[in-house]
file protein_26.cif (mmCIF, C-alpha atoms)
data_protein
loop_
_atom_site.label_atom_id
_atom_site.label_comp_id
_atom_site.auth_asym_id
_atom_site.auth_seq_id
_atom_site.Cartn_x
_atom_site.Cartn_y
_atom_site.Cartn_z
CA MET E 13 -11.75 -50.40 59.99
CA ASP E 14 -15.38 -50.10 61.16
CA ALA E 15 -17.71 -47.23 60.32
CA ASP E 16 -17.52 -45.60 63.77
CA LYS E 17 -13.74 -45.33 63.64
CA ILE E 18 -13.87 -43.86 60.16
CA GLU E 19 -16.45 -41.35 61.36
CA ASP E 20 -14.19 -40.41 64.29
CA ILE E 21 -11.36 -39.66 61.86
CA GLU E 22 -13.66 -37.62 59.64
CA ILE E 23 -14.92 -35.56 62.58
CA ARG E 24 -11.40 -34.84 63.82
CA LEU E 25 -10.36 -33.73 60.34
CA LEU E 26 -13.50 -31.60 59.98
CA LEU E 27 -12.89 -29.82 63.30
CA GLU E 28 -9.26 -29.27 62.31
CA ALA E 29 -10.41 -27.80 58.98
CA ILE E 30 -12.84 -25.43 60.74
CA TYR E 31 -10.03 -24.28 63.03
CA ARG E 32 -7.43 -23.78 60.29
CA ARG E 33 -9.79 -22.17 57.78
CA TYR E 34 -12.06 -20.09 60.04
CA HIS E 35 -10.21 -19.97 63.39
CA TYR E 36 -13.07 -21.44 65.44
CA ASP E 37 -11.66 -24.10 67.72
CA PHE E 38 -14.05 -26.90 68.68
CA ARG E 39 -11.36 -29.57 68.88
CA ASN E 40 -11.55 -29.91 72.66
CA TYR E 41 -15.28 -29.68 73.07
CA ALA E 42 -17.01 -32.69 74.62
CA GLN E 43 -17.00 -35.24 71.82
CA ALA E 44 -20.45 -36.72 72.39
CA SER E 45 -22.05 -33.30 72.08
CA ILE E 46 -19.99 -32.28 69.04
CA ARG E 47 -20.71 -35.59 67.29
CA ARG E 48 -24.45 -35.18 67.86
CA ARG E 49 -24.53 -31.61 66.55
CA LEU E 50 -22.35 -32.36 63.53
CA ARG E 51 -24.59 -35.29 62.60
CA GLN E 52 -27.57 -32.93 62.72
CA ALA E 53 -25.73 -30.45 60.50
CA ARG E 54 -24.68 -33.11 57.99
CA GLU E 55 -28.17 -34.59 57.75
CA ARG E 56 -29.99 -31.24 57.50
CA MET E 57 -27.60 -30.04 54.80
CA GLY E 58 -27.85 -33.26 52.80
CA PHE E 59 -24.26 -34.55 52.94
CA ALA E 60 -23.62 -38.30 52.93
CA THR E 61 -20.33 -38.05 54.85
CA PHE E 62 -18.40 -35.61 57.02
CA SER E 63 -15.66 -35.66 54.42
CA ALA E 64 -18.08 -34.32 51.81
CA LEU E 65 -19.21 -31.65 54.25
CA GLN E 66 -15.60 -30.70 54.96
CA ASP E 67 -14.75 -30.32 51.28
CA LYS E 68 -17.68 -27.97 50.69
CA LEU E 69 -17.13 -26.06 53.95
CA LEU E 70 -13.49 -25.27 53.15
CA HIS E 71 -14.56 -23.40 50.01
CA ASP E 72 -17.87 -21.89 51.15
CA PRO E 73 -17.85 -19.45 54.09
CA ALA E 74 -21.65 -19.23 53.96
CA LEU E 75 -21.86 -22.95 54.66
CA ALA E 76 -19.36 -22.56 57.49
CA ALA E 77 -21.67 -20.01 59.10
CA GLN E 78 -24.52 -22.53 58.91
CA VAL E 79 -22.40 -25.22 60.57
CA LEU E 80 -21.40 -22.76 63.28
CA ARG E 81 -25.08 -22.37 64.22
CA PHE E 82 -25.23 -26.08 64.96
CA LEU E 83 -21.99 -26.05 66.95
CA THR E 84 -22.87 -23.10 69.19
CA VAL E 85 -25.87 -23.74 71.39
CA GLN E 86 -28.13 -20.69 71.51
CA VAL E 87 -30.67 -21.65 74.16
CA SER E 88 -31.40 -19.42 77.12
CA ASP E 89 -34.13 -17.46 78.91
CA PHE E 90 -34.47 -14.20 80.73
CA PHE E 91 -33.63 -14.86 84.39
CA ARG E 92 -33.05 -18.54 83.65
CA ASP E 93 -32.89 -20.38 86.99
CA PRO E 94 -34.47 -17.47 88.93
CA SER E 95 -32.88 -18.56 92.20
CA TYR E 96 -29.45 -17.83 90.71
CA PHE E 97 -30.44 -14.23 89.98
CA LYS E 98 -32.11 -13.92 93.37
CA ALA E 99 -28.83 -15.00 94.99
CA LEU E 100 -26.95 -12.39 92.94
CA ARG E 101 -29.47 -9.78 94.04
CA GLU E 102 -29.45 -10.68 97.73
CA LYS E 103 -25.91 -11.98 98.33
CA VAL E 104 -23.57 -10.56 95.67
CA VAL E 105 -25.02 -7.10 95.03
CA PRO E 106 -24.37 -5.89 98.61
CA HIS E 107 -20.65 -6.51 98.02
CA LEU E 108 -20.73 -4.86 94.60
CA ARG E 109 -22.28 -1.73 96.10
CA THR E 110 -18.97 -1.02 97.86
CA TYR E 111 -17.20 -0.29 94.54
CA PRO E 112 -17.41 3.12 92.83
CA SER E 113 -17.32 1.46 89.40
CA LEU E 114 -17.93 -2.09 88.23
CA LYS E 115 -17.14 -4.39 85.33
CA VAL E 116 -19.32 -7.41 84.52
CA TRP E 117 -18.53 -10.04 81.88
CA ILE E 118 -21.25 -12.24 80.41
CA ALA E 119 -19.19 -14.95 78.69
CA GLY E 120 -21.11 -16.92 76.08
CA CYS E 121 -23.95 -14.39 76.02
CA SER E 122 -25.83 -16.19 73.23
CA ALA E 123 -28.71 -14.03 71.96
CA GLY E 124 -28.58 -11.74 74.98
CA GLU E 125 -31.16 -13.16 77.38
CA GLU E 126 -28.73 -13.34 80.30
CA LEU E 127 -27.20 -9.99 79.40
CA HIS E 128 -30.58 -8.26 79.56
CA SER E 129 -31.40 -10.10 82.77
CA LEU E 130 -28.29 -8.67 84.39
CA THR E 131 -28.71 -5.13 83.08
CA ILE E 132 -32.30 -5.13 84.36
CA LEU E 133 -31.20 -6.52 87.73
CA PHE E 134 -28.43 -3.92 88.01
CA ARG E 135 -30.87 -1.14 87.08
CA GLU E 136 -33.32 -2.29 89.73
CA GLU E 137 -30.53 -2.38 92.31
CA GLY E 138 -29.21 1.06 91.37
CA LEU E 139 -25.89 -0.21 89.99
CA GLU E 140 -26.40 0.11 86.24
CA LYS E 141 -24.93 3.60 85.85
CA ARG E 142 -21.65 2.64 87.50
CA THR E 143 -21.29 -0.65 85.59
CA LEU E 144 -19.71 -1.52 82.26
CA PHE E 145 -20.97 -4.81 80.83
CA TYR E 146 -18.96 -6.99 78.43
CA ALA E 147 -21.09 -9.41 76.40
CA THR E 148 -19.09 -11.96 74.43
CA ASP E 149 -19.75 -14.96 72.22
CA ILE E 150 -18.01 -16.74 69.36
CA ASN E 151 -21.16 -16.58 67.22
CA SER E 152 -21.46 -13.21 65.45
CA GLU E 153 -25.12 -13.85 64.59
CA ALA E 154 -25.90 -14.38 68.27
CA LEU E 155 -24.12 -11.14 69.16
CA GLU E 156 -26.16 -9.28 66.54
CA ALA E 157 -29.36 -10.72 68.03
CA ALA E 158 -28.24 -9.63 71.50
CA GLU E 159 -27.61 -6.10 70.20
CA ARG E 160 -31.09 -5.96 68.67
CA GLY E 161 -32.79 -7.08 71.89
CA ILE E 162 -35.93 -8.41 70.18
CA TYR E 163 -37.53 -11.65 71.43
CA PRO E 164 -40.65 -13.57 70.37
CA LEU E 165 -43.80 -12.54 72.20
CA GLU E 166 -44.63 -16.15 73.04
CA ARG E 167 -41.55 -16.29 75.28
CA ILE E 168 -42.47 -13.22 77.32
CA LYS E 169 -44.84 -14.99 79.71
CA ALA E 170 -42.06 -17.31 80.89
CA PHE E 171 -39.56 -14.42 81.02
CA THR E 172 -41.98 -12.42 83.17
CA GLU E 173 -42.48 -15.26 85.65
CA ASN E 174 -38.74 -15.84 85.92
CA HIS E 175 -38.21 -12.13 86.59
CA ARG E 176 -40.81 -12.20 89.35
CA LEU E 177 -39.27 -15.27 90.98
CA SER E 178 -35.82 -13.67 90.82
CA GLY E 179 -37.01 -10.89 93.13
CA GLY E 180 -37.73 -8.34 90.40
CA ARG E 181 -38.63 -4.95 91.80
CA SER E 182 -40.87 -3.90 88.91
CA SER E 183 -42.80 -5.40 86.03
CA LEU E 184 -40.78 -6.81 83.15
CA SER E 185 -43.16 -4.96 80.83
CA ASP E 186 -41.52 -1.73 82.01
CA TYR E 187 -38.48 -2.66 79.94
CA TYR E 188 -39.96 -3.49 76.53
CA THR E 189 -42.45 -2.42 73.90
CA THR E 190 -44.07 -4.60 71.27
CA GLY E 191 -43.12 -4.26 67.63
CA TYR E 192 -41.42 -6.09 64.74
CA GLY E 193 -43.48 -9.13 65.70
CA GLY E 194 -41.85 -9.39 69.11
CA ALA E 195 -40.92 -7.71 72.36
CA VAL E 196 -38.35 -4.97 71.79
CA PHE E 197 -36.28 -4.34 74.89
CA ASP E 198 -35.32 -0.75 75.63
CA LYS E 199 -32.05 0.18 73.95
CA SER E 200 -31.05 2.04 77.13
CA LEU E 201 -30.45 -1.41 78.65
CA ARG E 202 -27.56 -1.78 76.20
CA GLU E 203 -26.04 1.70 76.47
CA ARG E 204 -23.33 0.47 78.84
CA VAL E 205 -22.67 -2.80 77.02
CA VAL E 206 -19.60 -3.66 74.95
CA PHE E 207 -20.33 -6.51 72.53
CA SER E 208 -17.31 -8.51 71.42
CA ASP E 209 -16.43 -11.69 69.56
CA HIS E 210 -14.43 -13.71 72.09
CA SER E 211 -13.47 -17.37 72.39
CA LEU E 212 -12.79 -19.01 75.73
CA VAL E 213 -10.70 -21.52 73.77
CA THR E 214 -8.20 -19.19 72.12
CA ASP E 215 -8.55 -15.61 73.36
CA ALA E 216 -7.03 -13.72 76.29
CA VAL E 217 -8.42 -12.34 79.53
CA PHE E 218 -10.56 -9.31 80.19
CA SER E 219 -9.08 -7.39 83.11
CA GLU E 220 -10.43 -6.28 86.47
CA MET E 221 -13.86 -7.89 86.33
CA HIS E 222 -15.99 -7.79 89.47
CA LEU E 223 -18.49 -10.38 88.27
CA ILE E 224 -18.26 -13.00 85.54
CA SER E 225 -21.36 -14.94 84.61
CA CYS E 226 -20.69 -17.91 82.33
CA ARG E 227 -23.56 -20.31 82.57
CA ASN E 228 -24.14 -23.54 80.66
CA VAL E 229 -21.14 -23.03 78.41
CA MET E 230 -18.46 -25.20 80.00
CA ILE E 231 -20.70 -28.28 80.04
CA TYR E 232 -19.77 -28.58 76.35
CA PHE E 233 -16.00 -28.48 77.04
CA ASP E 234 -13.68 -31.35 77.87
CA ARG E 235 -11.71 -31.18 81.13
CA ALA E 236 -8.63 -29.48 79.68
CA LEU E 237 -10.73 -26.78 78.04
CA GLN E 238 -12.76 -26.29 81.23
CA ASP E 239 -9.52 -25.72 83.11
CA ARG E 240 -8.39 -23.17 80.51
CA ALA E 241 -11.66 -21.27 80.82
CA VAL E 242 -11.61 -21.25 84.62
CA GLY E 243 -8.00 -20.05 84.56
CA LEU E 244 -9.09 -17.27 82.23
CA PHE E 245 -11.86 -16.27 84.64
CA ARG E 246 -9.51 -16.33 87.61
CA ASP E 247 -7.03 -14.08 85.86
CA SER E 248 -9.82 -11.72 84.74
CA LEU E 249 -11.37 -11.25 88.18
CA THR E 250 -10.41 -8.71 90.77
CA ARG E 251 -9.49 -10.07 94.17
CA ASN E 252 -12.73 -11.18 95.83
CA GLY E 253 -14.51 -10.97 92.47
CA PHE E 254 -17.41 -13.33 91.76
CA LEU E 255 -17.90 -16.14 89.23
CA GLY E 256 -21.32 -17.60 88.44
CA LEU E 257 -21.70 -20.93 86.63
CA GLY E 258 -24.64 -22.99 85.38
CA SER E 259 -26.59 -25.38 87.57
CA LYS E 260 -24.84 -28.44 86.09
CA GLU E 261 -21.35 -26.93 86.24
CA SER E 262 -18.86 -26.91 89.11
CA LEU E 263 -15.32 -25.97 90.07
CA ARG E 264 -15.05 -29.06 92.25
CA PHE E 265 -12.65 -30.94 89.96
CA SER E 266 -11.03 -27.94 88.33
CA ALA E 267 -7.27 -27.49 88.39
CA HIS E 268 -8.03 -23.98 89.71
CA SER E 269 -10.56 -24.90 92.41
CA ALA E 270 -8.19 -23.76 95.17
CA ASP E 271 -8.30 -20.23 93.75
CA PHE E 272 -12.02 -19.93 94.52
CA ALA E 273 -14.22 -20.22 97.57
CA ASP E 274 -17.86 -21.28 97.56
CA PHE E 275 -19.95 -18.16 98.03
CA VAL E 276 -23.48 -19.42 97.35
CA ARG E 277 -22.84 -23.13 96.97
CA GLU E 278 -26.31 -24.18 95.86
CA GLU E 279 -26.35 -21.59 93.04
CA LYS E 280 -22.78 -22.25 91.83
CA ILE E 281 -21.57 -18.75 92.72
CA TYR E 282 -17.90 -18.59 93.66
CA GLN E 283 -15.59 -15.88 94.96
CA ARG E 284 -11.98 -15.53 93.90
CA ARG E 285 -9.66 -15.92 96.88
CA LYS E 286 -7.15 -13.23 97.64
CA ALA E 287 -3.82 -13.88 95.95
#
call {"tool": "encode", "arguments": {"input": "protein_26.cif", "output": "structure tokens"}}
result
Amino acid sequence: MDADKIEDIEIRLLLEAIYRRYHYDFRNYAQASIRRRLRQARERMGFATFSALQDKLLHDPALAAQVLRFLTVQVSDFFRDPSYFKALREKVVPHLRTYPSLKVWIAGCSAGEELHSLTILFREEGLEKRTLFYATDINSEALEAAERGIYPLERIKAFTENHRLSGGRSSLSDYYTTGYGGAVFDKSLRERVVFSDHSLVTDAVFSEMHLISCRNVMIYFDRALQDRAVGLFRDSLTRNGFLGLGSKESLRFSAHSADFADFVREEKIYQRRKA
């Protein structure tokens, strides 16, 4: 048996061990991506084989937490892809204004950049006080970072430009102060946020959502897992609720594509069809 086939077996066993020991399920993530990230983890941690890494990981929760950082991509920006947020502001918000109360789910919120982008947008559009935001991720460290709302100062210039291009109605500097070596975003932006550990792979729906934003998460899933996630979103949305995906994601080949209509096609914003 050649080395690649042995490595495939080791990776499958390692992912199974992570699932059975720690209940994080990466078994149906896109294999090329998982292989690349696990190789990085193995090399950085100094293990010769995945089997050696698995043996240590099963008995060391601290090591498992380190591996989890490699397996969960934590890369985002405030108002990433500004045209997406501009489309939400100009096309989706007018529909949301018709509801007396709103629920918004940011699935895979990472360290909170997209969450803060949406709470700022909703504040600027006068919807924040009637909205409850649900920010979820499988990575507890990412959720803690999102709750802190502190970001490096060197990233603020790009955040500010994205906010401007998204149609921001004020200066981004209105929402943060400097301290702790970074930009500290106003805790009032998180007053109406529920932070929760949630897996699109294993967990159940959130109910009666008016908007779900899940961007650049499903690109790491295989087709079956993508279909599970989209089904979860469909069942979580109100009738005529909205789903926003990342620029490289689509419902085109989803088993649930018939349940959604294109709303802003170029920005991957969909609307759930009436049942």
call {"tool": "residues_near_point", "arguments": {"input": "protein_26.cif", "point": "(-38.7, -13.2, 83.6)", "cutoff": "12 Å", "atoms": "all atoms listed in the file", "output": "ChimeraX atom specification"}}
result
/E:88-95,97-98,125-126,128-130,132-133,167-187
call {"tool": "write_last_selection", "arguments": {"input": "protein_26.cif", "atoms": "C-alpha atoms", "output": "CSV table (one decimal), keeping the file's coordinate frame"}}
result
chain,number,residue,atom,x,y,z
E,88,SER,CA,-31.4,-19.4,77.1
E,89,ASP,CA,-34.1,-17.5,78.9
E,90,PHE,CA,-34.5,-14.2,80.7
E,91,PHE,CA,-33.6,-14.9,84.4
E,92,ARG,CA,-33.0,-18.5,83.6
E,93,ASP,CA,-32.9,-20.4,87.0
E,94,PRO,CA,-34.5,-17.5,88.9
E,95,SER,CA,-32.9,-18.6,92.2
E,97,PHE,CA,-30.4,-14.2,90.0
E,98,LYS,CA,-32.1,-13.9,93.4
E,125,GLU,CA,-31.2,-13.2,77.4
E,126,GLU,CA,-28.7,-13.3,80.3
E,128,HIS,CA,-30.6,-8.3,79.6
E,129,SER,CA,-31.4,-10.1,82.8
E,130,LEU,CA,-28.3,-8.7,84.4
E,132,ILE,CA,-32.3,-5.1,84.4
E,133,LEU,CA,-31.2,-6.5,87.7
E,167,ARG,CA,-41.6,-16.3,75.3
E,168,ILE,CA,-42.5,-13.2,77.3
E,169,LYS,CA,-44.8,-15.0,79.7
E,170,ALA,CA,-42.1,-17.3,80.9
E,171,PHE,CA,-39.6,-14.4,81.0
E,172,THR,CA,-42.0,-12.4,83.2
E,173,GLU,CA,-42.5,-15.3,85.6
E,174,ASN,CA,-38.7,-15.8,85.9
E,175,HIS,CA,-38.2,-12.1,86.6
E,176,ARG,CA,-40.8,-12.2,89.4
E,177,LEU,CA,-39.3,-15.3,91.0
E,178,SER,CA,-35.8,-13.7,90.8
E,179,GLY,CA,-37.0,-10.9,93.1
E,180,GLY,CA,-37.7,-8.3,90.4
E,181,ARG,CA,-38.6,-5.0,91.8
E,182,SER,CA,-40.9,-3.9,88.9
E,183,SER,CA,-42.8,-5.4,86.0
E,184,LEU,CA,-40.8,-6.8,83.2
E,185,SER,CA,-43.2,-5.0,80.8
E,186,ASP,CA,-41.5,-1.7,82.0
E,187,TYR,CA,-38.5,-2.7,79.9
call {"tool": "closest_residue", "arguments": {"input": "protein_26.cif", "among": "E:Tyr96, E:Ile118, E:Glu203, E:Ser152", "to": "Glu278 (chain E)", "atoms": "all atoms listed in the file"}}
result
E:Tyr96
call {"tool": "resolve_selection", "arguments": {"input": "protein_26.cif", "expression": "the PyMOL selection byres ((chain E and resi 119) around 6)", "output": "compact mmCIF listing (two decimals) with C-alpha atoms, in the coordinates of the input"}}
result
# COMPACT_ATOMS: atom_id res chain seq x y z
CA TRP E 117 -18.53 -10.04 81.88
CA ILE E 118 -21.25 -12.24 80.41
CA GLY E 120 -21.11 -16.92 76.08
CA CYS E 121 -23.95 -14.39 76.02
CA THR E 148 -19.09 -11.96 74.43
CA CYS E 226 -20.69 -17.91 82.33
call {"tool": "resolve_selection", "arguments": {"input": "protein_26.cif", "expression": "the PyMOL selection byres ((chain E and resi 24-32) around 9)", "output": "list in words"}}
result
Glu19, Asp20, Ile21, Glu22, Ile23, Arg33, Tyr34, His35, Tyr36, Asp37, Phe38, Arg39, Phe62, Ser63, Leu65, Gln66, Asp67, Leu69, Leu70 and Ala76 of chain E
call {"tool": "closest_residue", "arguments": {"input": "protein_26.cif", "among": "E:Asn151, E:Ser259, E:Thr61, E:Thr110", "to": "Phe82 (chain E)", "atoms": "all atoms listed in the file"}}
result
E:Asn151
call {"tool": "residues_around", "arguments": {"input": "protein_26.cif", "residues": "Ala147 (chain E)", "least_positions_apart": "6", "cutoff": "12 Å", "atoms": "only C-alpha atoms", "output": "mmCIF file with C-alpha atoms, keeping the file's coordinate frame"}}
result
data_model
loop_
_atom_site.group_PDB
_atom_site.id
_atom_site.type_symbol
_atom_site.label_atom_id
_atom_site.label_comp_id
_atom_site.auth_asym_id
_atom_site.auth_seq_id
_atom_site.Cartn_x
_atom_site.Cartn_y
_atom_site.Cartn_z
ATOM 1 C CA LYS E 115 -17.140 -4.390 85.330
ATOM 2 C CA VAL E 116 -19.320 -7.410 84.520
ATOM 3 C CA TRP E 117 -18.530 -10.040 81.880
ATOM 4 C CA ILE E 118 -21.250 -12.240 80.410
ATOM 5 C CA ALA E 119 -19.190 -14.950 78.690
ATOM 6 C CA GLY E 120 -21.110 -16.920 76.080
ATOM 7 C CA CYS E 121 -23.950 -14.390 76.020
ATOM 8 C CA SER E 122 -25.830 -16.190 73.230
ATOM 9 C CA ALA E 123 -28.710 -14.030 71.960
ATOM 10 C CA GLY E 124 -28.580 -11.740 74.980
ATOM 11 C CA GLU E 125 -31.160 -13.160 77.380
ATOM 12 C CA GLU E 126 -28.730 -13.340 80.300
ATOM 13 C CA LEU E 127 -27.200 -9.990 79.400
ATOM 14 C CA HIS E 128 -30.580 -8.260 79.560
ATOM 15 C CA LEU E 130 -28.290 -8.670 84.390
ATOM 16 C CA THR E 131 -28.710 -5.130 83.080
ATOM 17 C CA ALA E 154 -25.900 -14.380 68.270
ATOM 18 C CA LEU E 155 -24.120 -11.140 69.160
ATOM 19 C CA GLU E 156 -26.160 -9.280 66.540
ATOM 20 C CA ALA E 157 -29.360 -10.720 68.030
ATOM 21 C CA ALA E 158 -28.240 -9.630 71.500
ATOM 22 C CA GLU E 159 -27.610 -6.100 70.200
ATOM 23 C CA ARG E 202 -27.560 -1.780 76.200
ATOM 24 C CA ARG E 204 -23.330 0.470 78.840
ATOM 25 C CA VAL E 205 -22.670 -2.800 77.020
ATOM 26 C CA VAL E 206 -19.600 -3.660 74.950
ATOM 27 C CA PHE E 207 -20.330 -6.510 72.530
ATOM 28 C CA SER E 208 -17.310 -8.510 71.420
ATOM 29 C CA ASP E 209 -16.430 -11.690 69.560
ATOM 30 C CA HIS E 210 -14.430 -13.710 72.090
ATOM 31 C CA SER E 211 -13.470 -17.370 72.390
ATOM 32 C CA PHE E 218 -10.560 -9.310 80.190
ATOM 33 C CA ILE E 224 -18.260 -13.000 85.540
ATOM 34 C CA SER E 225 -21.360 -14.940 84.610
ATOM 35 C CA CYS E 226 -20.690 -17.910 82.330
#
call {"tool": "atom_distance", "arguments": {"input": "protein_26.cif", "atom1": "CA of Lys280 (chain E)", "atom2": "CA of Ala99 (chain E)"}}
result
10.0 Å
call {"tool": "atom_distance", "arguments": {"input": "protein_26.cif", "atom1": "CA of Leu201 (chain E)", "atom2": "CA of Leu257 (chain E)"}}
result
22.8 Å
call {"tool": "closest_residue", "arguments": {"input": "protein_26.cif", "among": "E:Asp198, E:Glu261, E:Glu220, E:Glu279", "to": "Arg160 (chain E)", "atoms": "all atoms listed in the file"}}
result
E:Asp198
call {"tool": "closest_residue", "arguments": {"input": "protein_26.cif", "among": "E:Arg240, E:Lys141, E:Arg49, E:Arg235", "to": "Ser113 (chain E)", "atoms": "all atoms listed in the file"}}
result
E:Lys141
call {"tool": "resolve_selection", "arguments": {"input": "protein_26.cif", "expression": "the PyMOL selection byres ((chain E and resi 104-109) around 10)", "output": "list in words"}}
result
Phe97, Lys98, Ala99, Leu100, Arg101, Glu102, Lys103, Thr110, Tyr111, Pro112, Ser113, Leu114, Lys115, Leu133, Phe134, Glu137, Gly138, Leu139, Arg142, Thr143, His222, Leu223, Asn252, Gly253, Phe254, Phe275, Val276, Ile281 and Gln283 of chain E
call {"tool": "atom_distance", "arguments": {"input": "protein_26.cif", "atom1": "CA of Ile46 (chain E)", "atom2": "CA of Ser248 (chain E)"}}
result
27.8 Å
call {"tool": "decode", "arguments": {"input": "protein_26.cif", "residues": "region 166-173 of chain E", "atoms": "all heavy atoms", "output": "PDB file, in the first residue's frame"}}
result
ATOM      1  N   GLU E 166      -4.198  47.696  13.009  1.00  0.00           N
ATOM      2  CA  GLU E 166      -3.746  47.701  11.620  1.00  0.00           C
ATOM      3  C   GLU E 166      -4.821  47.229  10.642  1.00  0.00           C
ATOM      4  O   GLU E 166      -4.697  47.424   9.433  1.00  0.00           O
ATOM      5  CB  GLU E 166      -2.476  46.857  11.460  1.00  0.00           C
ATOM      6  CG  GLU E 166      -2.613  45.400  11.841  1.00  0.00           C
ATOM      7  CD  GLU E 166      -2.196  45.137  13.289  1.00  0.00           C
ATOM      8  OE1 GLU E 166      -2.231  46.069  14.113  1.00  0.00           O
ATOM      9  OE2 GLU E 166      -1.845  43.971  13.583  1.00  0.00           O
ATOM     10  N   ARG E 167      -5.885  46.614  11.163  1.00  0.00           N
ATOM     11  CA  ARG E 167      -6.968  46.161  10.280  1.00  0.00           C
ATOM     12  C   ARG E 167      -8.052  47.226  10.098  1.00  0.00           C
ATOM     13  O   ARG E 167      -8.899  47.105   9.215  1.00  0.00           O
ATOM     14  CB  ARG E 167      -7.605  44.887  10.856  1.00  0.00           C
ATOM     15  CG  ARG E 167      -6.638  43.731  11.027  1.00  0.00           C
ATOM     16  CD  ARG E 167      -7.347  42.498  11.557  1.00  0.00           C
ATOM     17  NE  ARG E 167      -8.262  41.945  10.589  1.00  0.00           N
ATOM     18  CZ  ARG E 167      -9.202  41.026  10.871  1.00  0.00           C
ATOM     19  NH1 ARG E 167      -9.327  40.605  12.123  1.00  0.00           N
ATOM     20  NH2 ARG E 167      -9.995  40.567   9.939  1.00  0.00           N
ATOM     21  N   ILE E 168      -8.012  48.271  10.907  1.00  0.00           N
ATOM     22  CA  ILE E 168      -9.115  49.233  10.928  1.00  0.00           C
ATOM     23  C   ILE E 168      -9.217  50.027   9.628  1.00  0.00           C
ATOM     24  O   ILE E 168     -10.323  50.355   9.174  1.00  0.00           O
ATOM     25  CB  ILE E 168      -8.974  50.179  12.138  1.00  0.00           C
ATOM     26  CG1 ILE E 168      -9.135  49.380  13.435  1.00  0.00           C
ATOM     27  CG2 ILE E 168     -10.008  51.295  12.077  1.00  0.00           C
ATOM     28  CD1 ILE E 168     -10.467  48.666  13.570  1.00  0.00           C
ATOM     29  N   LYS E 169      -8.102  50.343   9.001  1.00  0.00           N
ATOM     30  CA  LYS E 169      -8.148  51.103   7.753  1.00  0.00           C
ATOM     31  C   LYS E 169      -8.972  50.357   6.700  1.00  0.00           C
ATOM     32  O   LYS E 169      -9.835  50.949   6.033  1.00  0.00           O
ATOM     33  CB  LYS E 169      -6.743  51.371   7.232  1.00  0.00           C
ATOM     34  CG  LYS E 169      -6.721  52.209   5.956  1.00  0.00           C
ATOM     35  CD  LYS E 169      -5.285  52.489   5.511  1.00  0.00           C
ATOM     36  CE  LYS E 169      -5.274  53.311   4.230  1.00  0.00           C
ATOM     37  NZ  LYS E 169      -3.873  53.590   3.783  1.00  0.00           N
ATOM     38  N   ALA E 170      -8.720  49.062   6.557  1.00  0.00           N
ATOM     39  CA  ALA E 170      -9.476  48.264   5.585  1.00  0.00           C
ATOM     40  C   ALA E 170     -10.934  48.137   6.006  1.00  0.00           C
ATOM     41  O   ALA E 170     -11.842  48.214   5.159  1.00  0.00           O
ATOM     42  CB  ALA E 170      -8.847  46.874   5.436  1.00  0.00           C
ATOM     43  N   PHE E 171     -11.189  47.938   7.307  1.00  0.00           N
ATOM     44  CA  PHE E 171     -12.564  47.866   7.799  1.00  0.00           C
ATOM     45  C   PHE E 171     -13.322  49.153   7.472  1.00  0.00           C
ATOM     46  O   PHE E 171     -14.488  49.123   7.052  1.00  0.00           O
ATOM     47  CB  PHE E 171     -12.579  47.677   9.323  1.00  0.00           C
ATOM     48  CG  PHE E 171     -12.100  46.339   9.824  1.00  0.00           C
ATOM     49  CD1 PHE E 171     -11.997  46.109  11.188  1.00  0.00           C
ATOM     50  CD2 PHE E 171     -11.742  45.318   8.958  1.00  0.00           C
ATOM     51  CE1 PHE E 171     -11.568  44.885  11.685  1.00  0.00           C
ATOM     52  CE2 PHE E 171     -11.304  44.092   9.432  1.00  0.00           C
ATOM     53  CZ  PHE E 171     -11.210  43.877  10.806  1.00  0.00           C
ATOM     54  N   THR E 172     -12.652  50.281   7.674  1.00  0.00           N
ATOM     55  CA  THR E 172     -13.288  51.586   7.454  1.00  0.00           C
ATOM     56  C   THR E 172     -13.652  51.774   5.990  1.00  0.00           C
ATOM     57  O   THR E 172     -14.748  52.259   5.658  1.00  0.00           O
ATOM     58  CB  THR E 172     -12.348  52.705   7.922  1.00  0.00           C
ATOM     59  OG1 THR E 172     -12.086  52.543   9.313  1.00  0.00           O
ATOM     60  CG2 THR E 172     -12.968  54.077   7.686  1.00  0.00           C
ATOM     61  N   GLU E 173     -12.757  51.390   5.093  1.00  0.00           N
ATOM     62  CA  GLU E 173     -13.043  51.520   3.665  1.00  0.00           C
ATOM     63  C   GLU E 173     -14.186  50.600   3.243  1.00  0.00           C
ATOM     64  O   GLU E 173     -15.059  50.990   2.464  1.00  0.00           O
ATOM     65  CB  GLU E 173     -11.778  51.209   2.860  1.00  0.00           C
ATOM     66  CG  GLU E 173     -11.939  51.278   1.346  1.00  0.00           C
ATOM     67  CD  GLU E 173     -12.299  52.665   0.821  1.00  0.00           C
ATOM     68  OE1 GLU E 173     -12.334  53.633   1.608  1.00  0.00           O
ATOM     69  OE2 GLU E 173     -12.564  52.774  -0.391  1.00  0.00           O
TER      70      GLU E 173
END
